[in-house]
Every structure is written in structure tokens, then in C-alpha cells.
file my_file.cif (mmCIF, C-alpha atoms)
data_input
#
loop_
_atom_site.label_atom_id
_atom_site.label_comp_id
_atom_site.auth_asym_id
_atom_site.auth_seq_id
_atom_site.Cartn_x
_atom_site.Cartn_y
_atom_site.Cartn_z
CA MET A 117 -29.59 -8.20 -13.15
CA ALA A 118 -26.14 -9.75 -13.61
CA GLY A 119 -23.11 -7.57 -14.28
CA TYR A 120 -21.80 -9.85 -17.05
CA ARG A 121 -22.90 -12.43 -19.63
CA LYS A 122 -22.37 -16.10 -18.84
CA LEU A 123 -21.91 -17.08 -22.51
CA SER A 124 -23.22 -20.62 -21.76
CA ARG A 125 -19.91 -21.58 -20.14
CA THR A 126 -18.57 -22.41 -16.70
CA SER A 127 -16.59 -19.66 -15.01
CA ASP A 128 -13.14 -21.10 -15.81
CA GLN A 129 -14.05 -21.65 -19.47
CA ARG A 130 -15.54 -18.15 -19.68
CA LYS A 131 -12.45 -16.52 -18.17
CA ALA A 132 -10.15 -18.47 -20.52
CA LEU A 133 -12.26 -17.50 -23.53
CA ILE A 134 -12.23 -13.80 -22.60
CA ARG A 135 -8.48 -13.84 -21.88
CA SER A 136 -7.66 -15.46 -25.22
CA GLN A 137 -9.98 -13.15 -27.18
CA VAL A 138 -8.61 -10.01 -25.47
CA THR A 139 -5.03 -11.14 -26.15
CA ALA A 140 -5.89 -11.78 -29.81
CA LEU A 141 -7.68 -8.43 -30.16
CA LEU A 142 -4.81 -6.40 -28.73
CA TYR A 143 -2.17 -8.37 -30.68
CA HIS A 144 -3.88 -8.33 -34.09
CA GLY A 145 -6.02 -5.18 -33.78
CA LYS A 146 -9.29 -6.86 -34.78
CA ILE A 147 -11.15 -10.14 -34.34
CA VAL A 148 -14.40 -11.69 -35.65
CA THR A 149 -16.69 -13.12 -32.97
CA THR A 150 -20.32 -13.17 -31.85
CA GLU A 151 -22.03 -10.04 -30.58
CA ALA A 152 -22.41 -11.24 -26.97
CA LYS A 153 -18.74 -12.27 -26.72
CA ALA A 154 -17.65 -8.99 -28.30
CA LYS A 155 -19.51 -6.94 -25.71
CA GLU A 156 -17.82 -8.85 -22.88
CA ILE A 157 -14.37 -8.68 -24.50
CA ARG A 158 -14.81 -4.94 -25.07
CA LYS A 159 -15.21 -4.33 -21.30
CA VAL A 160 -11.93 -6.04 -20.44
CA ALA A 161 -9.96 -4.64 -23.39
CA GLU A 162 -11.04 -1.04 -22.80
CA GLY A 163 -10.09 -1.33 -19.12
CA LEU A 164 -6.61 -2.56 -20.03
CA ILE A 165 -6.10 0.18 -22.63
CA ALA A 166 -7.26 2.85 -20.16
CA MET A 167 -4.79 1.49 -17.60
CA ALA A 168 -1.97 1.56 -20.17
CA VAL A 169 -2.80 5.14 -21.21
CA LYS A 170 -2.82 6.29 -17.59
CA GLU A 171 0.53 4.67 -16.72
CA LYS A 172 2.28 5.13 -20.09
CA ASP A 173 4.89 7.69 -18.96
CA ASN A 174 5.08 6.67 -15.31
CA PHE A 175 8.71 5.45 -15.21
CA GLU A 176 12.19 6.83 -14.81
CA THR A 177 15.30 5.98 -16.80
CA VAL A 178 18.22 4.85 -14.67
CA THR A 179 21.83 4.21 -15.69
CA VAL A 180 23.32 1.10 -14.11
CA THR A 181 26.74 -0.53 -14.30
CA ALA A 182 26.75 -4.23 -15.07
CA LYS A 183 29.51 -6.83 -15.32
CA VAL A 184 29.36 -8.69 -18.63
CA ALA A 185 31.56 -11.61 -19.62
CA ARG A 186 33.98 -10.79 -22.45
CA LYS A 187 33.40 -13.01 -25.50
CA ASP A 188 35.60 -13.99 -28.44
CA ALA A 189 34.68 -14.12 -32.15
CA ASP A 190 32.90 -17.49 -31.72
CA GLY A 191 30.73 -16.16 -28.88
CA LYS A 192 32.54 -18.14 -26.17
CA ARG A 193 33.70 -16.61 -22.91
CA VAL A 194 37.32 -15.43 -22.71
CA LYS A 195 39.23 -17.07 -19.84
CA GLU A 196 42.49 -16.11 -18.17
CA VAL A 197 44.71 -18.18 -15.92
CA LYS A 198 45.05 -16.70 -12.40
CA ASP A 199 46.74 -18.62 -9.59
CA GLY A 200 46.58 -21.82 -11.64
CA LYS A 201 42.81 -21.54 -12.28
CA LYS A 202 40.90 -20.52 -15.39
CA VAL A 203 38.82 -17.44 -14.61
CA THR A 204 36.31 -15.68 -16.88
CA VAL A 205 37.19 -12.08 -17.78
CA TYR A 206 34.45 -9.51 -17.11
CA ASP A 207 34.00 -5.98 -18.49
CA GLU A 208 31.94 -3.25 -16.86
CA VAL A 209 29.19 -1.88 -19.11
CA GLN A 210 26.85 1.10 -18.63
CA LYS A 211 23.19 0.31 -19.38
CA GLU A 212 20.08 2.46 -19.34
CA ILE A 213 17.00 0.72 -17.96
CA LYS A 214 13.41 1.80 -17.33
CA LYS A 215 12.49 1.71 -13.68
CA ASP A 216 8.71 1.43 -13.26
CA SER A 217 6.95 3.44 -10.57
CA PRO A 218 4.89 1.32 -8.14
CA SER A 219 1.59 2.19 -9.86
CA ARG A 220 2.95 1.23 -13.31
CA LEU A 221 4.33 -2.01 -11.89
CA HIS A 222 0.88 -2.76 -10.45
CA ALA A 223 -0.70 -2.03 -13.85
CA ARG A 224 1.85 -4.35 -15.47
CA HIS A 225 0.91 -7.16 -13.05
CA GLN A 226 -2.82 -6.58 -13.69
CA MET A 227 -2.22 -6.88 -17.45
CA LEU A 228 -0.15 -10.04 -17.02
CA LYS A 229 -3.15 -11.61 -15.22
CA VAL A 230 -5.16 -11.22 -18.43
CA PHE A 231 -2.71 -11.79 -21.30
CA TYR A 232 -1.75 -15.22 -22.54
CA PRO A 233 1.82 -15.66 -23.87
CA VAL A 234 2.05 -14.72 -27.57
CA THR A 235 4.61 -16.20 -29.96
CA SER A 236 5.14 -14.55 -33.33
CA VAL A 237 6.17 -16.65 -36.31
CA PRO A 238 7.74 -14.84 -39.28
CA ALA A 239 6.12 -15.76 -42.60
CA ALA A 240 9.45 -16.40 -44.35
CA ALA A 241 10.63 -19.10 -41.95
CA ALA A 242 7.35 -20.66 -40.85
CA GLY A 243 7.62 -24.10 -39.30
CA LYS A 244 11.01 -23.49 -37.70
CA LYS A 245 10.84 -23.30 -33.94
CA LYS A 246 14.13 -21.42 -33.62
CA ASN A 247 12.77 -18.52 -35.71
CA THR A 248 9.83 -17.81 -33.38
CA LYS A 249 9.87 -14.91 -30.92
CA LYS A 250 7.93 -14.30 -27.75
CA VAL A 251 5.97 -11.03 -27.86
CA ASP A 252 5.87 -8.92 -24.69
CA MET A 253 2.22 -7.86 -24.77
CA VAL A 254 2.55 -5.53 -21.77
CA ASP A 255 5.41 -3.66 -23.43
CA LYS A 256 3.35 -3.48 -26.64
CA MET A 257 0.49 -1.96 -24.64
CA PHE A 258 2.70 0.76 -23.12
CA SER A 259 4.81 1.53 -26.21
CA GLU A 260 2.46 1.02 -29.21
CA ILE A 261 -1.21 1.00 -28.18
CA ALA A 262 -1.29 3.56 -25.35
CA PRO A 263 0.35 6.43 -27.32
CA LYS A 264 -2.38 6.15 -30.00
CA TYR A 265 -5.13 6.82 -27.43
CA VAL A 266 -3.56 9.52 -25.21
CA ASN A 267 -5.99 12.25 -26.30
CA ARG A 268 -9.05 9.98 -26.25
CA ASN A 269 -11.35 9.51 -23.24
CA GLY A 270 -12.58 5.93 -23.64
CA GLY A 271 -14.20 4.33 -26.67
CA TYR A 272 -11.06 2.55 -27.81
CA THR A 273 -12.91 -0.27 -29.61
CA ARG A 274 -15.60 -0.45 -32.31
CA ILE A 275 -18.15 -3.21 -32.99
CA ILE A 276 -19.33 -3.61 -36.61
CA LYS A 277 -22.10 -6.12 -37.37
CA ILE A 278 -21.39 -8.36 -40.37
CA GLY A 279 -24.53 -10.55 -40.35
CA PRO A 280 -25.74 -13.89 -39.03
CA ARG A 281 -23.44 -16.90 -38.96
CA LYS A 282 -24.40 -19.67 -41.38
CA GLY A 283 -24.37 -22.59 -38.91
CA ASP A 284 -26.49 -21.34 -36.01
CA GLY A 285 -27.63 -17.87 -37.05
CA ALA A 286 -25.71 -16.08 -34.28
CA MET A 287 -24.98 -12.43 -35.11
CA GLU A 288 -21.31 -12.10 -36.04
CA VAL A 289 -19.41 -8.87 -35.51
CA VAL A 290 -15.93 -7.46 -36.12
CA LEU A 291 -14.43 -6.08 -32.91
CA GLU A 292 -11.54 -3.74 -33.72
CA LEU A 293 -9.39 -1.07 -32.15
CA VAL A 294 -10.36 2.43 -33.30
#
call {"tool": "encode", "arguments": {"input": "my_file.cif", "output": "C-alpha cells"}}
result
Amino acid sequence: MAGYRKLSRTSDQRKALIRSQVTALLYHGKIVTTEAKAKEIRKVAEGLIAMAVKEKDNFETVTVTAKVARKDADGKRVKEVKDGKKVTVYDEVQKEIKKDSPSRLHARHQMLKVFYPVTSVPAAAAGKKKNTKKVDMVDKMFSEIAPKYVNRNGGYTRIIKIGPRKGDGAMEVVLELV
């Protein structure tokens, strides 16, 4: 008996389908799909959520000193003349950054293998490319999704049947995060 469903697709098409559906599920919180696809997507999504829950707090905060170019009111770099040359003026700034432990970094890389890039478009300025933002799905997993499921041992998704599809009669379901 096979360990997965083939979904009538070649392996590259099947992997792309599962990746896109998992990305959509974790970005939106719920998707509508067929029952067979939902059961396959659930396996991958629950594994990613479990990984995020396990590695959620596995980092340390480090203070670093960085050199940042000084800018004027227009946002252009401030330059000084030294020895007949124009040189950019730099200020030292203290920044706090999260330093991942090796296991969290590995989890981050495993998640990046699954997620497709997500771009959010605000409703007010739809159609304008400059208003779009890239969404960091891995950061969303660690900061938003994982804290919701800390006290839960598995079962992060729910499948609700909504009836047969009109075209081919395939059973449609809603796959959502609990």
C-alpha cells in the first residue's frame, strides 16, 4: 500500500499542487478543495505547524552595532569633503536581532522548501505594484500560527464536507486551521 495519494498527477505536478495548497491554507486559514487533496495537504501542513510549535522560542536576542549612512530630509546620503573627496557620513546604531539556534534555522530551511512566495495586495490600492508587500510565511508560522497551538498535541486542521462538486461529482471539503 502506498504512503501517499498520487492525485492523477506526475510527481512534479503533485508536489507543486501540494506546496501551493499548503501555502494558501497557512496564509488564509482555510481553503476549499477535494477530499483526497485535503487529506494529502493536511499531512504536510500539520508537520510544518508541529515543527513551528517545537522551535517557536528557540532563539536568542542579540544586540549588535551597525554603521548606517546618515540621510538628509530628502532621504539622500549626507556627504562630507575629506582630503578633496566626497565621503558618506556614517552613524553607529544599536540594533536588536533574533539569532536562531541551529535547530530553528534547520526548521526555517525545511519550511522554505515547502512555501511559495506570497505577495499581499491591500484592498484600497489594488492594481498598484508599488503597494504590494512580500509576506514572510516562515516568520508568520513562528510568530502567529505556532503560539495558537502551543498547548495542543496535533490535530491542527479540520476537514468539513460540503457536498459533491457540480461538474464531476467529486466530494468537496473545507480544510481549515482549528
call {"tool": "resolve_selection", "arguments": {"input": "my_file.cif", "expression": "the PyMOL selection byres ((chain A and resi 279-286) around 10)", "output": "MDAnalysis selection string"}}
result
chainID A and resid 149:152 276:278 287:289
call {"tool": "resolve_selection", "arguments": {"input": "my_file.cif", "expression": "the PyMOL selection byres ((chain A and resi 176-181) around 7)", "output": "ChimeraX atom specification"}}
result
/A:175,182-183,208-216
call {"tool": "resolve_selection", "arguments": {"input": "my_file.cif", "expression": "the PyMOL selection byres ((chain A and resi 166) around 10)", "output": "JSON, numbers by chain"}}
result
{"A": [161, 162, 163, 164, 165, 167, 168, 169, 170, 171, 172, 262, 265, 266, 268, 269, 270, 271, 272]}
call {"tool": "atom_distance", "arguments": {"input": "my_file.cif", "atom1": "atom CA of A:Leu291", "atom2": "atom CA of A:Ala140"}}
result
10.7 Å
call {"tool": "atom_distance", "arguments": {"input": "my_file.cif", "atom1": "atom CA of A:Val184", "atom2": "atom CA of A:Val205"}}
result
8.6 Å
call {"tool": "closest_residue", "arguments": {"input": "my_file.cif", "among": "A:Val194, A:Leu123, A:Ala118, A:Val138", "to": "A:Lys153", "atoms": "all atoms listed in the file"}}
result
A:Leu123
call {"tool": "residues_near_point", "arguments": {"input": "my_file.cif", "point": "(29.8, -15.0, -19.0)", "cutoff": "8 Å", "atoms": "all atoms listed in the file", "output": "MDAnalysis selection string"}}
result
chainID A and resid 184:187 193 204 206
call {"tool": "closest_residue", "arguments": {"input": "my_file.cif", "among": "A:Lys131, A:His144, A:Arg125, A:Lys245", "to": "A:Ile157", "atoms": "only C-alpha atoms"}}
result
A:Lys131
call {"tool": "closest_residue", "arguments": {"input": "my_file.cif", "among": "A:Leu228, A:Ala189, A:Tyr143, A:Ala240", "to": "A:Lys256", "atoms": "only C-alpha atoms"}}
result
A:Tyr143
call {"tool": "closest_residue", "arguments": {"input": "my_file.cif", "among": "A:Met257, A:Tyr120, A:Leu141, A:Ser136", "to": "A:Pro233", "atoms": "only C-alpha atoms"}}
result
A:Ser136
call {"tool": "atom_distance", "arguments": {"input": "my_file.cif", "atom1": "atom CA of A:Ser217", "atom2": "atom CA of A:Glu260"}}
result
19.3 Å
call {"tool": "residues_around", "arguments": {"input": "my_file.cif", "residues": "A:Thr235", "least_positions_apart": "4", "cutoff": "9 Å", "atoms": "only C-alpha atoms", "output": "ChimeraX atom specification"}}
result
/A:248-251
call {"tool": "axis_aligned_box", "arguments": {"input": "my_file.cif", "around": "stretch 166-178 of chain A", "padding_each_side": "3 Å", "output": "lines of an AutoDock Vina configuration file"}}
result
center_x = 5.5
center_y = 4.6
center_z = -17.9
size_x = 31.5
size_y = 12.2
size_z = 12.5
call {"tool": "closest_residue", "arguments": {"input": "my_file.cif", "among": "A:His222, A:Arg135, A:Lys122, A:Lys146", "to": "A:Glu292", "atoms": "all atoms listed in the file"}}
result
A:Lys146
call {"tool": "closest_residue", "arguments": {"input": "my_file.cif", "among": "A:Leu133, A:Leu142, A:Val197, A:Ile147", "to": "A:Val290", "atoms": "all atoms listed in the file"}}
result
A:Ile147
call {"tool": "decode", "arguments": {"input": "my_file.cif", "residues": "stretch 173-187 of chain A", "atoms": "all heavy atoms", "output": "mmCIF file, in the first residue's frame"}}
result
data_model
loop_
_atom_site.group_PDB
_atom_site.id
_atom_site.type_symbol
_atom_site.label_atom_id
_atom_site.label_comp_id
_atom_site.auth_asym_id
_atom_site.auth_seq_id
_atom_site.Cartn_x
_atom_site.Cartn_y
_atom_site.Cartn_z
ATOM 1 N N ASP A 173 10.268 29.181 20.356
ATOM 2 C CA ASP A 173 11.059 30.018 21.262
ATOM 3 C C ASP A 173 12.544 29.680 21.248
ATOM 4 O O ASP A 173 13.262 30.026 22.187
ATOM 5 C CB ASP A 173 10.525 29.874 22.693
ATOM 6 C CG ASP A 173 9.110 30.394 22.810
ATOM 7 O OD1 ASP A 173 8.798 31.389 22.136
ATOM 8 O OD2 ASP A 173 8.326 29.802 23.572
ATOM 9 N N ASN A 174 13.005 29.027 20.210
ATOM 10 C CA ASN A 174 14.374 28.532 20.176
ATOM 11 C C ASN A 174 15.305 29.545 19.487
ATOM 12 O O ASN A 174 15.883 29.274 18.449
ATOM 13 C CB ASN A 174 14.411 27.183 19.459
ATOM 14 C CG ASN A 174 15.568 26.337 19.899
ATOM 15 O OD1 ASN A 174 16.392 26.779 20.685
ATOM 16 N ND2 ASN A 174 15.634 25.132 19.390
ATOM 17 N N PHE A 175 15.422 30.741 20.073
ATOM 18 C CA PHE A 175 16.303 31.775 19.536
ATOM 19 C C PHE A 175 16.794 32.626 20.698
ATOM 20 O O PHE A 175 16.285 32.541 21.810
ATOM 21 C CB PHE A 175 15.578 32.661 18.509
ATOM 22 C CG PHE A 175 14.456 33.472 19.087
ATOM 23 C CD1 PHE A 175 14.679 34.742 19.591
ATOM 24 C CD2 PHE A 175 13.178 32.955 19.142
ATOM 25 C CE1 PHE A 175 13.648 35.483 20.134
ATOM 26 C CE2 PHE A 175 12.140 33.691 19.681
ATOM 27 C CZ PHE A 175 12.380 34.958 20.182
ATOM 28 N N GLU A 176 17.820 33.417 20.434
ATOM 29 C CA GLU A 176 18.296 34.356 21.433
ATOM 30 C C GLU A 176 18.346 35.746 20.803
ATOM 31 O O GLU A 176 18.582 35.884 19.614
ATOM 32 C CB GLU A 176 19.660 33.950 21.984
ATOM 33 C CG GLU A 176 20.749 33.807 20.941
ATOM 34 C CD GLU A 176 22.040 33.261 21.521
ATOM 35 O OE1 GLU A 176 22.139 32.045 21.678
ATOM 36 O OE2 GLU A 176 22.929 34.089 21.781
ATOM 37 N N THR A 177 18.101 36.759 21.624
ATOM 38 C CA THR A 177 18.128 38.131 21.143
ATOM 39 C C THR A 177 19.518 38.703 21.400
ATOM 40 O O THR A 177 20.022 38.646 22.515
ATOM 41 C CB THR A 177 17.064 38.972 21.871
ATOM 42 O OG1 THR A 177 15.810 38.313 21.737
ATOM 43 C CG2 THR A 177 16.967 40.352 21.272
ATOM 44 N N VAL A 178 20.116 39.248 20.352
ATOM 45 C CA VAL A 178 21.480 39.755 20.421
ATOM 46 C C VAL A 178 21.474 41.228 20.018
ATOM 47 O O VAL A 178 20.782 41.628 19.078
ATOM 48 C CB VAL A 178 22.405 38.956 19.467
ATOM 49 C CG1 VAL A 178 23.822 39.458 19.543
ATOM 50 C CG2 VAL A 178 22.347 37.480 19.777
ATOM 51 N N THR A 179 22.245 42.044 20.739
ATOM 52 C CA THR A 179 22.396 43.450 20.382
ATOM 53 C C THR A 179 23.664 43.606 19.557
ATOM 54 O O THR A 179 24.734 43.184 19.974
ATOM 55 C CB THR A 179 22.485 44.321 21.654
ATOM 56 O OG1 THR A 179 21.336 44.066 22.461
ATOM 57 C CG2 THR A 179 22.531 45.784 21.299
ATOM 58 N N VAL A 180 23.518 44.207 18.389
ATOM 59 C CA VAL A 180 24.666 44.415 17.502
ATOM 60 C C VAL A 180 24.788 45.896 17.181
ATOM 61 O O VAL A 180 23.810 46.641 17.236
ATOM 62 C CB VAL A 180 24.539 43.605 16.197
ATOM 63 C CG1 VAL A 180 24.607 42.130 16.462
ATOM 64 C CG2 VAL A 180 23.282 43.959 15.440
ATOM 65 N N THR A 181 26.002 46.305 16.847
ATOM 66 C CA THR A 181 26.261 47.683 16.430
ATOM 67 C C THR A 181 26.448 47.689 14.922
ATOM 68 O O THR A 181 27.238 46.918 14.392
ATOM 69 C CB THR A 181 27.525 48.223 17.121
ATOM 70 O OG1 THR A 181 27.376 48.060 18.530
ATOM 71 C CG2 THR A 181 27.736 49.678 16.802
ATOM 72 N N ALA A 182 25.704 48.552 14.253
ATOM 73 C CA ALA A 182 25.786 48.626 12.802
ATOM 74 C C ALA A 182 26.080 50.060 12.374
ATOM 75 O O ALA A 182 25.685 51.004 13.045
ATOM 76 C CB ALA A 182 24.476 48.165 12.183
ATOM 77 N N LYS A 183 26.796 50.190 11.246
ATOM 78 C CA LYS A 183 27.058 51.505 10.676
ATOM 79 C C LYS A 183 25.986 51.780 9.644
ATOM 80 O O LYS A 183 25.787 51.003 8.724
ATOM 81 C CB LYS A 183 28.436 51.528 10.022
ATOM 82 C CG LYS A 183 29.578 51.506 11.015
ATOM 83 C CD LYS A 183 30.899 51.356 10.311
ATOM 84 C CE LYS A 183 31.531 52.689 10.072
ATOM 85 N NZ LYS A 183 32.847 52.572 9.418
ATOM 86 N N VAL A 184 25.277 52.913 9.816
ATOM 87 C CA VAL A 184 24.203 53.289 8.915
ATOM 88 C C VAL A 184 24.512 54.667 8.350
ATOM 89 O O VAL A 184 24.928 55.563 9.083
ATOM 90 C CB VAL A 184 22.850 53.317 9.662
ATOM 91 C CG1 VAL A 184 21.724 53.737 8.728
ATOM 92 C CG2 VAL A 184 22.555 51.970 10.275
ATOM 93 N N ALA A 185 24.314 54.826 7.052
ATOM 94 C CA ALA A 185 24.570 56.112 6.406
ATOM 95 C C ALA A 185 23.584 57.151 6.911
ATOM 96 O O ALA A 185 22.394 56.893 7.012
ATOM 97 C CB ALA A 185 24.462 55.971 4.896
ATOM 98 N N ARG A 186 24.099 58.340 7.238
ATOM 99 C CA ARG A 186 23.252 59.451 7.678
ATOM 100 C C ARG A 186 22.524 60.003 6.458
ATOM 101 O O ARG A 186 23.104 60.140 5.390
ATOM 102 C CB ARG A 186 24.112 60.536 8.322
ATOM 103 C CG ARG A 186 23.295 61.625 9.005
ATOM 104 C CD ARG A 186 24.159 62.709 9.597
ATOM 105 N NE ARG A 186 25.068 62.173 10.595
ATOM 106 C CZ ARG A 186 26.153 62.810 11.039
ATOM 107 N NH1 ARG A 186 26.462 64.000 10.580
ATOM 108 N NH2 ARG A 186 26.925 62.246 11.943
ATOM 109 N N LYS A 187 21.218 60.313 6.617
ATOM 110 C CA LYS A 187 20.428 60.795 5.486
ATOM 111 C C LYS A 187 19.824 62.149 5.817
ATOM 112 O O LYS A 187 19.544 62.460 6.962
ATOM 113 C CB LYS A 187 19.332 59.796 5.150
ATOM 114 C CG LYS A 187 19.918 58.470 4.699
ATOM 115 C CD LYS A 187 18.908 57.551 4.126
ATOM 116 C CE LYS A 187 19.638 56.301 3.642
ATOM 117 N NZ LYS A 187 18.748 55.309 3.128
#
